[in-house]
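Peer 1: Contents are mmCIF, C-alpha atoms (C1' of nucleotides); file name final.cif:
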data_start
loop_
_atom_site.label_atom_id
_atom_site.label_comp_id
_atom_site.auth_asym_id
_atom_site.auth_seq_id
_atom_site.Cartn_x
_atom_site.Cartn_y
_atom_site.Cartn_z
CA MET S 231 54.10 -154.45 -12.24
CA ALA S 232 50.44 -155.31 -12.54
CA ILE S 233 49.59 -158.96 -12.53
CA ASP S 234 46.80 -159.96 -14.84
CA HIS S 235 44.78 -163.10 -14.78
CA LEU S 236 47.03 -164.99 -17.16
CA ASP S 237 50.08 -164.13 -15.07
CA GLY S 238 48.25 -165.40 -12.04
CA ARG S 239 47.35 -168.67 -13.67
CA LEU S 240 50.89 -169.08 -14.89
CA ILE S 241 52.40 -168.54 -11.47
CA VAL S 242 49.96 -170.88 -9.83
CA LEU S 243 50.68 -173.49 -12.45
CA LEU S 244 54.40 -173.14 -11.94
CA ALA S 245 53.96 -173.34 -8.20
CA ARG S 246 51.97 -176.54 -8.44
CA GLU S 247 54.09 -178.25 -11.05
CA PRO S 248 57.47 -176.59 -11.15
CA ARG S 249 59.00 -179.11 -13.48
CA ILE S 250 56.82 -178.38 -16.47
CA GLY S 251 58.51 -176.50 -19.23
CA VAL S 252 57.38 -173.54 -21.25
CA LEU S 253 55.80 -175.71 -23.90
CA GLU S 254 53.72 -177.79 -21.53
CA ALA S 255 52.67 -174.68 -19.63
CA SER S 256 51.44 -173.08 -22.83
CA ARG S 257 49.35 -176.14 -23.53
CA ARG S 258 47.83 -176.12 -20.06
CA LEU S 259 47.03 -172.44 -20.20
CA GLY S 260 45.72 -172.60 -23.73
CA VAL S 261 47.97 -169.90 -25.09
CA ALA S 262 50.89 -169.83 -27.49
CA ARG S 263 54.32 -170.81 -26.36
CA GLY S 264 55.70 -167.40 -27.17
CA THR S 265 53.19 -165.83 -24.85
CA VAL S 266 54.23 -167.96 -21.93
CA GLN S 267 57.84 -167.25 -22.71
CA ALA S 268 57.21 -163.52 -22.84
CA ARG S 269 55.20 -163.59 -19.62
CA MET S 270 57.86 -165.50 -17.77
CA ASP S 271 60.55 -163.15 -18.96
CA ARG S 272 58.50 -160.19 -17.89
CA LEU S 273 57.63 -161.64 -14.50
CA GLN S 274 61.26 -162.31 -13.84
CA SER S 275 62.56 -158.94 -14.93
CA ASN S 276 59.73 -157.33 -12.97
CA GLY S 277 60.99 -159.10 -9.94
CA VAL S 278 57.65 -160.74 -9.33
CA ILE S 279 59.37 -164.07 -9.74
CA ARG S 280 62.75 -163.94 -8.08
CA GLY S 281 63.84 -167.33 -9.23
CA PHE S 282 63.30 -171.03 -9.06
CA GLY S 283 65.70 -172.06 -6.38
CA PRO S 284 65.29 -175.45 -4.75
CA GLU S 285 63.21 -175.41 -1.59
CA VAL S 286 65.33 -177.17 0.96
CA ASP S 287 63.82 -178.59 4.11
CA PRO S 288 66.08 -177.84 7.09
CA ALA S 289 64.54 -180.74 8.97
CA ALA S 290 65.71 -183.18 6.32
CA LEU S 291 69.15 -181.68 6.63
CA GLY S 292 69.25 -182.54 10.30
CA TYR S 293 67.88 -179.29 11.70
CA PRO S 294 64.37 -180.16 12.83
CA VAL S 295 64.04 -177.40 15.42
CA THR S 296 62.91 -173.94 14.36
CA ALA S 297 62.68 -170.91 16.59
CA PHE S 298 62.09 -167.21 16.40
CA ALA S 299 64.29 -164.89 18.42
CA THR S 300 63.48 -161.28 19.14
CA LEU S 301 66.57 -159.23 19.77
CA GLU S 302 67.10 -155.93 21.47
CA ILE S 303 70.02 -154.02 20.06
CA LYS S 304 72.28 -151.49 21.64
CA GLN S 305 71.87 -148.09 20.01
CA GLY S 306 73.95 -147.68 16.90
CA GLN S 307 75.08 -151.29 16.77
CA GLY S 308 72.57 -152.34 14.14
CA ALA S 309 75.03 -152.76 11.29
CA ASP S 310 77.43 -154.80 13.37
CA VAL S 311 74.71 -157.07 14.60
CA ARG S 312 73.47 -157.65 11.07
CA ALA S 313 76.96 -158.55 9.97
CA HIS S 314 77.38 -160.87 12.93
CA LEU S 315 74.12 -162.68 12.34
CA ALA S 316 74.85 -163.06 8.66
CA THR S 317 77.82 -165.23 9.58
CA VAL S 318 75.73 -167.71 11.55
CA ALA S 319 74.48 -170.43 9.23
CA GLU S 320 71.59 -171.31 11.54
CA VAL S 321 70.14 -167.83 11.11
CA LEU S 322 67.87 -168.35 8.15
CA GLU S 323 66.27 -164.95 8.08
CA LEU S 324 66.58 -161.61 9.79
CA HIS S 325 64.24 -158.64 9.94
CA THR S 326 64.37 -155.32 11.65
CA ILE S 327 61.02 -154.60 13.21
CA THR S 328 58.99 -152.03 15.07
CA GLY S 329 57.70 -152.59 18.55
CA HIS S 330 59.42 -154.22 21.49
CA GLY S 331 62.69 -155.56 20.33
CA ASP S 332 64.52 -154.33 17.30
CA MET S 333 65.15 -157.41 15.24
CA GLN S 334 63.59 -160.75 14.76
CA CYS S 335 65.32 -163.75 13.33
CA ARG S 336 64.43 -167.26 12.38
CA LEU S 337 66.75 -169.93 13.68
CA VAL S 338 67.13 -173.64 13.19
CA ALA S 339 68.98 -176.17 15.31
CA ARG S 340 69.72 -179.87 15.46
CA SER S 341 67.82 -180.33 18.70
CA ASN S 342 66.48 -178.36 21.59
CA ALA S 343 69.83 -178.74 23.26
CA ASP S 344 71.59 -177.58 20.16
CA LEU S 345 69.30 -174.58 20.06
CA GLN S 346 71.00 -173.39 23.20
CA ARG S 347 74.31 -173.44 21.40
CA VAL S 348 72.86 -171.52 18.47
CA ILE S 349 71.30 -168.92 20.72
CA ASP S 350 74.52 -168.49 22.62
CA ARG S 351 76.27 -167.97 19.36
CA VAL S 352 73.67 -165.45 18.23
CA VAL S 353 73.52 -163.40 21.39
CA GLY S 354 77.19 -163.75 22.19
CA PHE S 355 77.83 -160.45 20.56
CA ASP S 356 78.35 -157.13 22.11
CA GLY S 357 75.62 -155.14 20.43
CA ILE S 358 72.83 -157.45 21.58
CA VAL S 359 71.27 -156.46 24.85
CA ARG S 360 68.55 -159.00 25.26
CA ALA S 361 66.95 -161.87 23.37
CA SER S 362 63.73 -163.74 23.81
CA THR S 363 63.07 -166.94 21.98
CA ALA S 364 59.96 -168.77 20.91
CA ILE S 365 60.29 -172.34 19.75
CA VAL S 366 58.11 -173.45 16.88
CA MET S 367 55.97 -176.45 17.62
CA GLU S 368 53.79 -176.80 14.58
CA ASN S 369 53.59 -175.12 11.23
CA PRO S 370 49.92 -175.25 10.28
CA VAL S 371 50.43 -172.91 7.34
CA PRO S 372 53.78 -173.41 5.63
CA LEU S 373 55.10 -170.46 3.68
CA ARG S 374 52.70 -170.02 0.80
CA ILE S 375 52.07 -167.53 -1.91
CA ILE S 376 49.39 -169.01 -4.15
CA PRO S 377 46.38 -167.49 -2.40
CA LEU S 378 47.96 -164.08 -2.56
CA VAL S 379 48.79 -164.47 -6.23
CA GLU S 380 45.23 -165.46 -6.95
CA GLN S 381 43.92 -162.50 -5.05
CA ALA S 382 46.33 -160.12 -6.74
CA SER S 383 45.47 -161.39 -10.20
CA GLU S 384 41.75 -161.23 -9.60
CA ASP S 385 41.44 -157.63 -8.58
CA THR S 386 42.97 -156.48 -11.84
CA MET A 50 69.07 -188.54 4.95
CA ALA A 51 72.74 -187.73 5.20
CA ILE A 52 73.98 -185.05 2.89
CA ASP A 53 77.44 -185.62 1.52
CA HIS A 54 79.72 -183.11 -0.04
CA LEU A 55 78.52 -183.72 -3.57
CA ASP A 56 74.91 -183.26 -2.51
CA GLY A 57 75.90 -180.03 -0.89
CA ARG A 58 77.65 -178.74 -3.96
CA LEU A 59 74.71 -179.75 -6.09
CA ILE A 60 72.18 -177.93 -3.93
CA VAL A 61 74.30 -174.83 -3.77
CA LEU A 62 74.73 -174.91 -7.51
CA LEU A 63 70.99 -175.28 -8.04
CA ALA A 64 70.34 -172.46 -5.62
CA ARG A 65 72.69 -170.14 -7.41
CA GLU A 66 71.64 -171.01 -10.94
CA PRO A 67 68.28 -172.70 -10.83
CA ARG A 68 67.82 -172.75 -14.56
CA ILE A 69 70.72 -175.04 -15.35
CA GLY A 70 69.73 -178.53 -16.34
CA VAL A 71 71.04 -181.87 -15.27
CA LEU A 72 73.58 -181.96 -18.05
CA GLU A 73 75.08 -178.58 -17.32
CA ALA A 74 75.12 -179.34 -13.61
CA SER A 75 77.05 -182.53 -14.22
CA ARG A 76 79.62 -180.57 -16.20
CA ARG A 77 80.02 -177.98 -13.47
CA LEU A 78 80.36 -180.58 -10.76
CA GLY A 79 82.68 -182.74 -12.79
CA VAL A 80 80.63 -185.91 -12.47
CA ALA A 81 78.58 -188.02 -14.83
CA ARG A 82 75.10 -186.96 -15.80
CA GLY A 83 73.61 -190.11 -14.37
CA THR A 84 75.13 -189.29 -11.02
CA VAL A 85 73.51 -185.88 -10.89
CA GLN A 86 70.22 -187.39 -11.97
CA ALA A 87 70.41 -190.02 -9.25
CA ARG A 88 71.36 -187.48 -6.59
CA MET A 89 68.52 -185.19 -7.51
CA ASP A 90 66.03 -188.00 -7.45
CA ARG A 91 67.29 -189.08 -4.07
CA LEU A 92 67.28 -185.59 -2.62
CA GLN A 93 63.74 -185.11 -3.72
CA SER A 94 62.40 -188.39 -2.46
CA ASN A 95 64.32 -187.80 0.78
CA GLY A 96 62.42 -184.60 1.14
CA VAL A 97 65.62 -182.61 1.37
CA ILE A 98 64.51 -180.76 -1.74
CA ARG A 99 60.80 -180.12 -1.56
CA GLY A 100 60.54 -178.68 -5.02
CA PHE A 101 61.44 -175.88 -7.33
CA GLY A 102 58.50 -173.58 -7.00
CA PRO A 103 58.85 -170.02 -8.21
CA GLU A 104 59.87 -167.57 -5.52
CA VAL A 105 57.34 -164.81 -5.72
CA ASP A 106 58.02 -161.41 -4.23
CA PRO A 107 54.91 -160.12 -2.47
CA ALA A 108 56.16 -156.56 -2.81
CA ALA A 109 56.17 -156.86 -6.59
CA LEU A 110 52.62 -158.13 -6.36
CA GLY A 111 51.54 -154.95 -4.64
CA TYR A 112 52.03 -156.07 -1.03
CA PRO A 113 55.12 -154.24 0.12
CA VAL A 114 54.33 -154.29 3.83
CA THR A 115 55.28 -157.32 5.90
CA ALA A 116 54.45 -157.83 9.55
CA PHE A 117 54.60 -160.48 12.21
CA ALA A 118 51.64 -160.96 14.49
CA THR A 119 51.74 -162.87 17.73
CA LEU A 120 48.36 -164.26 18.67
CA GLU A 121 46.95 -165.42 21.94
CA ILE A 122 44.36 -168.12 21.52
CA LYS A 123 41.43 -169.07 23.66
CA GLN A 124 41.89 -172.56 25.09
CA GLY A 125 40.74 -175.28 22.76
CA GLN A 126 40.18 -172.98 19.81
CA GLY A 127 43.44 -173.79 18.10
CA ALA A 128 42.03 -175.79 15.25
CA ASP A 129 39.38 -173.20 14.46
CA VAL A 130 41.90 -170.41 14.45
CA ARG A 131 44.17 -172.34 12.13
CA ALA A 132 41.31 -172.92 9.75
CA HIS A 133 40.35 -169.28 9.90
CA LEU A 134 43.84 -168.02 9.21
CA ALA A 135 44.28 -170.43 6.34
CA THR A 136 41.47 -168.65 4.53
CA VAL A 137 43.19 -165.27 4.69
CA ALA A 138 45.41 -164.83 1.65
CA GLU A 139 47.56 -162.24 3.38
CA VAL A 140 48.62 -164.79 5.97
CA LEU A 141 51.72 -166.23 4.35
CA GLU A 142 52.82 -168.44 7.18
CA LEU A 143 51.60 -169.61 10.54
CA HIS A 144 53.39 -171.28 13.42
CA THR A 145 52.36 -172.42 16.82
CA ILE A 146 54.98 -171.41 19.30
CA THR A 147 56.02 -171.65 22.92
CA GLY A 148 56.32 -168.63 25.16
CA HIS A 149 54.09 -165.63 25.39
CA GLY A 150 51.44 -165.94 22.76
CA ASP A 151 50.40 -169.16 21.12
CA MET A 152 50.82 -168.53 17.45
CA GLN A 153 52.87 -166.35 15.25
CA CYS A 154 52.01 -165.46 11.69
CA ARG A 155 53.60 -163.57 8.87
CA LEU A 156 51.34 -161.08 7.16
CA VAL A 157 51.61 -158.88 4.12
CA ALA A 158 49.54 -155.86 3.16
CA ARG A 159 49.26 -153.25 0.43
CA SER A 160 50.16 -150.40 2.78
CA ASN A 161 50.32 -149.57 6.42
CA ALA A 162 46.72 -148.53 6.24
CA ASP A 163 45.82 -151.77 4.53
CA LEU A 164 47.63 -153.65 7.25
CA GLN A 165 44.94 -152.48 9.61
CA ARG A 166 42.34 -154.14 7.43
CA VAL A 167 44.34 -157.36 7.32
CA ILE A 168 44.83 -157.40 11.07
CA ASP A 169 41.15 -156.76 11.65
CA ARG A 170 40.39 -159.64 9.40
CA VAL A 171 42.87 -161.87 11.20
CA VAL A 172 41.83 -161.05 14.73
CA GLY A 173 38.16 -160.70 13.91
CA PHE A 174 37.60 -164.23 14.99
CA ASP A 175 36.25 -165.52 18.20
CA GLY A 176 39.08 -167.77 19.30
CA ILE A 177 41.67 -165.01 19.25
CA VAL A 178 42.07 -163.19 22.53
CA ARG A 179 44.84 -160.79 21.81
CA ALA A 180 47.26 -159.93 19.04
CA SER A 181 50.43 -157.91 18.95
CA THR A 182 52.02 -156.88 15.72
CA ALA A 183 55.50 -155.94 14.65
CA ILE A 184 55.99 -154.32 11.28
CA VAL A 185 59.03 -155.29 9.28
CA MET A 186 61.21 -152.39 8.26
CA GLU A 187 64.21 -154.01 6.69
CA ASN A 188 65.17 -157.53 5.78
CA PRO A 189 68.95 -157.63 6.15
CA VAL A 190 69.04 -161.40 5.75
CA PRO A 191 66.42 -162.70 3.31
CA LEU A 192 65.38 -166.30 3.74
CA ARG A 193 68.45 -168.33 2.91
CA ILE A 194 69.54 -171.90 3.09
CA ILE A 195 72.91 -172.10 1.38
CA PRO A 196 75.08 -171.55 4.46
CA LEU A 197 73.18 -174.26 6.28
CA VAL A 198 73.53 -176.66 3.39
CA GLU A 199 77.24 -176.02 3.29
CA GLN A 200 77.55 -176.59 6.98
CA ALA A 201 75.49 -179.76 6.85
CA SER A 202 77.48 -181.19 3.96
CA GLU A 203 80.80 -180.40 5.56
CA ASP A 204 80.34 -182.17 8.85
CA THR A 205 79.72 -185.47 7.10
"C1'" DG B 38 88.72 -215.67 -0.19
"C1'" DT B 39 84.90 -214.98 -3.14
"C1'" DA B 40 80.29 -213.42 -4.49
"C1'" DT B 41 77.06 -209.65 -4.31
"C1'" DT B 42 75.50 -205.13 -4.11
"C1'" DC B 43 75.87 -200.26 -4.57
"C1'" DG B 44 77.18 -196.02 -6.61
"C1'" DG B 45 79.53 -194.02 -10.22
"C1'" DT B 46 81.14 -193.78 -15.33
"C1'" DG B 47 80.77 -193.32 -20.25
"C1'" DG B 48 78.24 -194.12 -24.18
"C1'" DG B 49 74.19 -194.21 -27.15
"C1'" DC B 50 69.38 -193.37 -28.83
"C1'" DA B 51 64.91 -191.43 -29.97
"C1'" DA B 52 61.85 -187.92 -28.54
"C1'" DT B 53 61.26 -183.56 -26.85
"C1'" DC B 54 62.08 -178.98 -25.72
"C1'" DT B 55 64.46 -174.56 -26.09
"C1'" DG B 56 65.87 -170.22 -28.05
"C1'" DC B 57 65.04 -167.51 -31.74
"C1'" DT B 58 62.88 -165.56 -35.80
"C1'" DC B 59 59.10 -164.26 -38.85
"C1'" DA B 60 54.66 -162.75 -40.59
"C1'" DG B 61 49.94 -161.98 -39.66
"C1'" DC B 62 46.18 -160.18 -36.49
"C1'" DC B 63 43.81 -157.36 -33.47
"C1'" DA B 64 42.93 -153.74 -30.08
"C1'" DC B 65 44.17 -149.34 -28.29
"C1'" DG B 66 45.89 -144.60 -28.28
"C1'" DG B 67 47.39 -140.50 -30.47
"C1'" DC O 151 44.22 -143.49 -39.91
"C1'" DC O 152 48.64 -145.20 -38.56
"C1'" DG O 153 51.94 -146.91 -35.08
"C1'" DT O 154 52.76 -149.83 -31.15
"C1'" DG O 155 52.28 -153.64 -28.28
"C1'" DG O 156 50.77 -158.17 -27.29
"C1'" DC O 157 49.35 -162.70 -29.05
"C1'" DT O 158 49.34 -166.43 -32.49
"C1'" DG O 159 51.02 -170.18 -35.28
"C1'" DA O 160 54.83 -171.87 -37.60
"C1'" DG O 161 59.55 -173.29 -38.53
"C1'" DC O 162 64.37 -174.62 -37.57
"C1'" DA O 163 68.82 -175.99 -35.74
"C1'" DG O 164 70.85 -177.29 -31.60
"C1'" DA O 165 70.73 -178.87 -26.96
"C1'" DT O 166 68.67 -181.58 -23.40
"C1'" DT O 167 65.97 -185.22 -21.40
"C1'" DG O 168 64.64 -189.84 -20.08
"C1'" DC O 169 66.10 -194.27 -20.50
"C1'" DC O 170 69.00 -198.08 -21.46
"C1'" DC O 171 73.30 -200.70 -21.33
"C1'" DA O 172 78.05 -202.62 -19.91
"C1'" DC O 173 81.78 -201.91 -16.98
"C1'" DC O 174 84.31 -200.90 -12.79
"C1'" DG O 175 85.94 -200.26 -7.95
"C1'" DA O 176 84.81 -200.45 -3.12
"C1'" DA O 177 82.44 -202.00 0.58
"C1'" DT O 178 79.76 -205.84 2.46
"C1'" DA O 179 78.08 -210.42 3.17
"C1'" DC O 180 78.92 -215.20 3.29
#
Now, as a test, write the supplied structure out as structure tokens.

Peer 2:
Amino acid sequence: MAIDHLDGRLIVLLAREPRIGVLEASRRLGVARGTVQARMDRLQSNGVIRGFGPEVDPAALGYPVTAFATLEIKQGQGADVRAHLATVAEVLELHTITGHGDMQCRLVARSNADLQRVIDRVVGFDGIVRASTAIVMENPVPLRIIPLVEQASEDT
Amino acid sequence: MAIDHLDGRLIVLLAREPRIGVLEASRRLGVARGTVQARMDRLQSNGVIRGFGPEVDPAALGYPVTAFATLEIKQGQGADVRAHLATVAEVLELHTITGHGDMQCRLVARSNADLQRVIDRVVGFDGIVRASTAIVMENPVPLRIIPLVEQASEDT
DNA sequence: GTATTCGGTGGGCAATCTGCTCAGCCACGG
DNA sequence: CCGTGGCTGAGCAGATTGCCCACCGAATAC
């Protein structure tokens, strides 16, 4: 569960150059191959590293528009709404949250016009009372994890 | 730029079993190894696949609390705020958005109490007028891309 | 109608890496 | 003082990679 400095360096290395193998990584880190192998196994069974899935860019797939929708849910309809949203491919992510609104989801669409279609599809469900949408213009900080890993591995 | 059915199957396969190599993938897909190699090269230079970085779970790193903060920015301070937020490791993602508020960011923290520290750090900057935060309770749909890939590859 | 190009196939080759095992070391805790 | 856990360096057989080639069918250009 704890992440030591070597783990941190390993993760950062993997994040920067995902294609390197265990052997090359061990050379870069200056440790034995077995060590890297053991660390990677441990990090994965720990759940620190969930996997190495391909990072797909929705924009390159033809979905350049991203938006966040905050949804207000009718009491007791949470499970149904979850199930509904899970069936919509354009819903990339869904959270239940505190505060105004009960859920927040990340959407993508082919265009601003298409976003309307997606939103209609999303909110066209009985349990959803209200939805407010914010369209993403820029993404100055794309999803990142390296700084956090470095921080976590330093205060060991 | 277009994603055909084979591309779709390849991406889905990679997403499900990231560790398989080109050779194994070609066997699963029933095509020649060279074909898989060519497709992967193309997908990557297209930008459809950004890379294969490790997916790190912040919770396993000791940051189990996630929150979304909506920030209101003082006119003309956008760039400074971006730069400021980029220095905070707990800021995993930042978007500029339309609607109420000007930016939205995803935060993580070690605990609810620690979240206060993170928020103070985030909003303790001159260009930020106001911030409202929503804490994530559940994540019924974790960030996913497979359904979208399937959809995109089908309507070819 | 014919030549060209493009994407895919199937094969081959040397170099490299992987998975696994083993013995030796060292530091830490009981 | 011994056991355990983590790291090292080494070895080995088997699989994979990167790269090359010739061939083929379909679509495209001339």

Peer 1: With all Cα atoms paired residue by residue, do a least-squares superposition of chain A on chain S and hand back the transformed coordinates as a short mmCIF file (atom, residue, chain, number, x, y, z; two decimals) with C-alpha atoms, in the frame of the given file.

Peer 2:
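Ended up saving to part-v3.cif:
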data_model
loop_
_atom_site.label_atom_id
_atom_site.label_comp_id
_atom_site.auth_asym_id
_atom_site.auth_seq_id
_atom_site.Cartn_x
_atom_site.Cartn_y
_atom_site.Cartn_z
CA MET A 50 54.07 -154.46 -12.26
CA ALA A 51 50.42 -155.31 -12.61
CA ILE A 52 49.59 -158.97 -12.59
CA ASP A 53 46.79 -159.96 -14.90
CA HIS A 54 44.77 -163.11 -14.82
CA LEU A 55 47.03 -165.01 -17.18
CA ASP A 56 50.08 -164.13 -15.11
CA GLY A 57 48.25 -165.38 -12.08
CA ARG A 58 47.34 -168.66 -13.68
CA LEU A 59 50.88 -169.08 -14.90
CA ILE A 60 52.41 -168.52 -11.48
CA VAL A 61 49.96 -170.85 -9.83
CA LEU A 62 50.67 -173.47 -12.43
CA LEU A 63 54.41 -173.11 -11.93
CA ALA A 64 53.96 -173.31 -8.19
CA ARG A 65 51.97 -176.49 -8.42
CA GLU A 66 54.12 -178.22 -11.00
CA PRO A 67 57.48 -176.54 -11.13
CA ARG A 68 59.02 -179.07 -13.44
CA ILE A 69 56.80 -178.38 -16.42
CA GLY A 70 58.47 -176.51 -19.22
CA VAL A 71 57.33 -173.58 -21.26
CA LEU A 72 55.76 -175.79 -23.87
CA GLU A 73 53.69 -177.83 -21.47
CA ALA A 74 52.66 -174.70 -19.61
CA SER A 75 51.41 -173.14 -22.82
CA ARG A 76 49.31 -176.22 -23.48
CA ARG A 77 47.80 -176.17 -20.01
CA LEU A 78 47.01 -172.49 -20.18
CA GLY A 79 45.68 -172.69 -23.70
CA VAL A 80 47.93 -169.99 -25.11
CA ALA A 81 50.83 -169.91 -27.52
CA ARG A 82 54.28 -170.90 -26.37
CA GLY A 83 55.67 -167.50 -27.22
CA THR A 84 53.14 -165.91 -24.92
CA VAL A 85 54.20 -168.00 -21.97
CA GLN A 86 57.83 -167.29 -22.75
CA ALA A 87 57.18 -163.56 -22.89
CA ARG A 88 55.17 -163.59 -19.67
CA MET A 89 57.85 -165.49 -17.82
CA ASP A 90 60.54 -163.16 -19.02
CA ARG A 91 58.49 -160.19 -17.96
CA LEU A 92 57.63 -161.62 -14.56
CA GLN A 93 61.24 -162.28 -13.90
CA SER A 94 62.56 -158.93 -14.99
CA ASN A 95 59.71 -157.31 -13.04
CA GLY A 96 61.00 -159.06 -10.00
CA VAL A 97 57.65 -160.69 -9.40
CA ILE A 98 59.38 -164.04 -9.79
CA ARG A 99 62.76 -163.89 -8.12
CA GLY A 100 63.85 -167.30 -9.28
CA PHE A 101 63.33 -171.00 -9.07
CA GLY A 102 65.72 -172.01 -6.38
CA PRO A 103 65.30 -175.39 -4.76
CA GLU A 104 63.23 -175.35 -1.60
CA VAL A 105 65.34 -177.11 0.95
CA ASP A 106 63.83 -178.53 4.11
CA PRO A 107 66.09 -177.80 7.07
CA ALA A 108 64.56 -180.70 8.98
CA ALA A 109 65.70 -183.14 6.32
CA LEU A 110 69.16 -181.64 6.62
CA GLY A 111 69.27 -182.53 10.29
CA TYR A 112 67.89 -179.27 11.70
CA PRO A 113 64.39 -180.13 12.81
CA VAL A 114 64.05 -177.39 15.42
CA THR A 115 62.92 -173.94 14.35
CA ALA A 116 62.69 -170.91 16.60
CA PHE A 117 62.10 -167.20 16.42
CA ALA A 118 64.29 -164.89 18.43
CA THR A 119 63.48 -161.29 19.16
CA LEU A 120 66.58 -159.23 19.79
CA GLU A 121 67.10 -155.95 21.51
CA ILE A 122 70.01 -154.03 20.11
CA LYS A 123 72.28 -151.49 21.69
CA GLN A 124 71.86 -148.10 20.03
CA GLY A 125 73.98 -147.68 16.95
CA GLN A 126 75.09 -151.30 16.82
CA GLY A 127 72.61 -152.34 14.18
CA ALA A 128 75.04 -152.76 11.35
CA ASP A 129 77.45 -154.80 13.44
CA VAL A 130 74.72 -157.08 14.65
CA ARG A 131 73.50 -157.64 11.12
CA ALA A 132 76.98 -158.55 10.01
CA HIS A 133 77.39 -160.87 12.95
CA LEU A 134 74.13 -162.68 12.36
CA ALA A 135 74.86 -163.06 8.68
CA THR A 136 77.83 -165.22 9.58
CA VAL A 137 75.73 -167.70 11.55
CA ALA A 138 74.47 -170.42 9.24
CA GLU A 139 71.60 -171.29 11.54
CA VAL A 140 70.15 -167.82 11.11
CA LEU A 141 67.87 -168.33 8.14
CA GLU A 142 66.27 -164.94 8.10
CA LEU A 143 66.58 -161.60 9.81
CA HIS A 144 64.25 -158.63 9.98
CA THR A 145 64.36 -155.32 11.68
CA ILE A 146 61.02 -154.61 13.22
CA THR A 147 59.00 -152.03 15.09
CA GLY A 148 57.68 -152.61 18.58
CA HIS A 149 59.34 -154.28 21.49
CA GLY A 150 62.67 -155.57 20.35
CA ASP A 151 64.54 -154.34 17.34
CA MET A 152 65.15 -157.41 15.28
CA GLN A 153 63.58 -160.74 14.78
CA CYS A 154 65.33 -163.75 13.35
CA ARG A 155 64.42 -167.26 12.38
CA LEU A 156 66.75 -169.92 13.69
CA VAL A 157 67.12 -173.63 13.18
CA ALA A 158 68.98 -176.16 15.29
CA ARG A 159 69.72 -179.87 15.44
CA SER A 160 67.82 -180.33 18.70
CA ASN A 161 66.49 -178.38 21.59
CA ALA A 162 69.82 -178.78 23.27
CA ASP A 163 71.59 -177.60 20.15
CA LEU A 164 69.31 -174.60 20.06
CA GLN A 165 71.01 -173.42 23.20
CA ARG A 166 74.32 -173.46 21.39
CA VAL A 167 72.87 -171.54 18.47
CA ILE A 168 71.30 -168.94 20.73
CA ASP A 169 74.54 -168.51 22.64
CA ARG A 170 76.28 -167.98 19.38
CA VAL A 171 73.68 -165.47 18.25
CA VAL A 172 73.52 -163.43 21.42
CA GLY A 173 77.20 -163.79 22.22
CA PHE A 174 77.85 -160.49 20.60
CA ASP A 175 78.35 -157.16 22.18
CA GLY A 176 75.63 -155.17 20.47
CA ILE A 177 72.84 -157.46 21.62
CA VAL A 178 71.26 -156.48 24.90
CA ARG A 179 68.55 -159.02 25.30
CA ALA A 180 66.97 -161.87 23.40
CA SER A 181 63.74 -163.75 23.82
CA THR A 182 63.05 -166.94 21.98
CA ALA A 183 59.96 -168.79 20.92
CA ILE A 184 60.28 -172.35 19.73
CA VAL A 185 58.12 -173.46 16.86
CA MET A 186 55.99 -176.48 17.59
CA GLU A 187 53.81 -176.82 14.55
CA ASN A 188 53.61 -175.12 11.20
CA PRO A 189 49.94 -175.26 10.26
CA VAL A 190 50.45 -172.91 7.33
CA PRO A 191 53.81 -173.38 5.61
CA LEU A 192 55.12 -170.43 3.66
CA ARG A 193 52.71 -169.97 0.79
CA ILE A 194 52.08 -167.48 -1.92
CA ILE A 195 49.42 -168.97 -4.16
CA PRO A 196 46.38 -167.46 -2.42
CA LEU A 197 47.99 -164.05 -2.58
CA VAL A 198 48.81 -164.44 -6.24
CA GLU A 199 45.25 -165.42 -6.96
CA GLN A 200 43.93 -162.47 -5.06
CA ALA A 201 46.32 -160.08 -6.76
CA SER A 202 45.47 -161.36 -10.22
CA GLU A 203 41.76 -161.21 -9.61
CA ASP A 204 41.44 -157.60 -8.59
CA THR A 205 42.96 -156.44 -11.86
#

Peer 1: Specify as an NGL selection string each residue included when the PyMOL selection byres ((chain S) within 10 of (chain B)) is applied to this file.

Peer 2: :S and (251-254)

Peer 1: Which residues would end up in the selection if the PyMOL selection byres ((chain A and resi 102) around 10) were applied here, given that I need the answer as a list of chain:residue names?

Peer 2: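 Evaluating the PyMOL selection byres ((chain A and resi 102) around 10) on these coordinates yields S:Ile241, S:Val242, S:Leu243, S:Leu244, S:Ala245, S:Arg246, S:Glu247, S:Pro248, S:Arg249, S:Ile279, S:Gly281, S:Phe282, S:Gly283, S:Pro284, S:Glu285, A:Arg99, A:Gly100, A:Phe101, A:Pro103, A:Glu104, A:Val105.
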
Peer 1: Per residue of chain O within 9 Å of chain S, note the shortest atom pair and the distance in Å to one decimal, counting all atoms listed in the file, and order the rows by chain and increasing residue number, as a tab-separated table.

Peer 2:
residue	atom	partner	partner_atom	distance
O:DG156	C1'	S:Thr265	CA	8.4
O:DC157	C1'	S:Thr265	CA	6.5
O:DT158	C1'	S:Ala262	CA	6.2
O:DG159	C1'	S:Ala262	CA	7.8

Peer 1: Show me, as a PyMOL selection string, the residues that have an atom within 8 Å of Val140 in chain A when counting all atoms listed in the file, minus same-chain residues fewer than 5 positions from it.

Peer 2: chain A and resi 134-135+154-157

Peer 1: If you apply the PyMOL selection byres ((chain S) within 6 of (chain A)) to this file, what residues do you get, as a ChimeraX atom specification?

Peer 2: /S:245,248,278-287,290,319,322-329,364-374,377-378

Peer 1: Could you list, as a ChimeraX atom specification, every residue within 12 Å of Gly173 in chain A, counting only C-alpha atoms (C1' of nucleotides) and ignoring same-chain residues fewer than 5 positions away?

Peer 2: /A:120,130,133-134,137,165-168,178-180
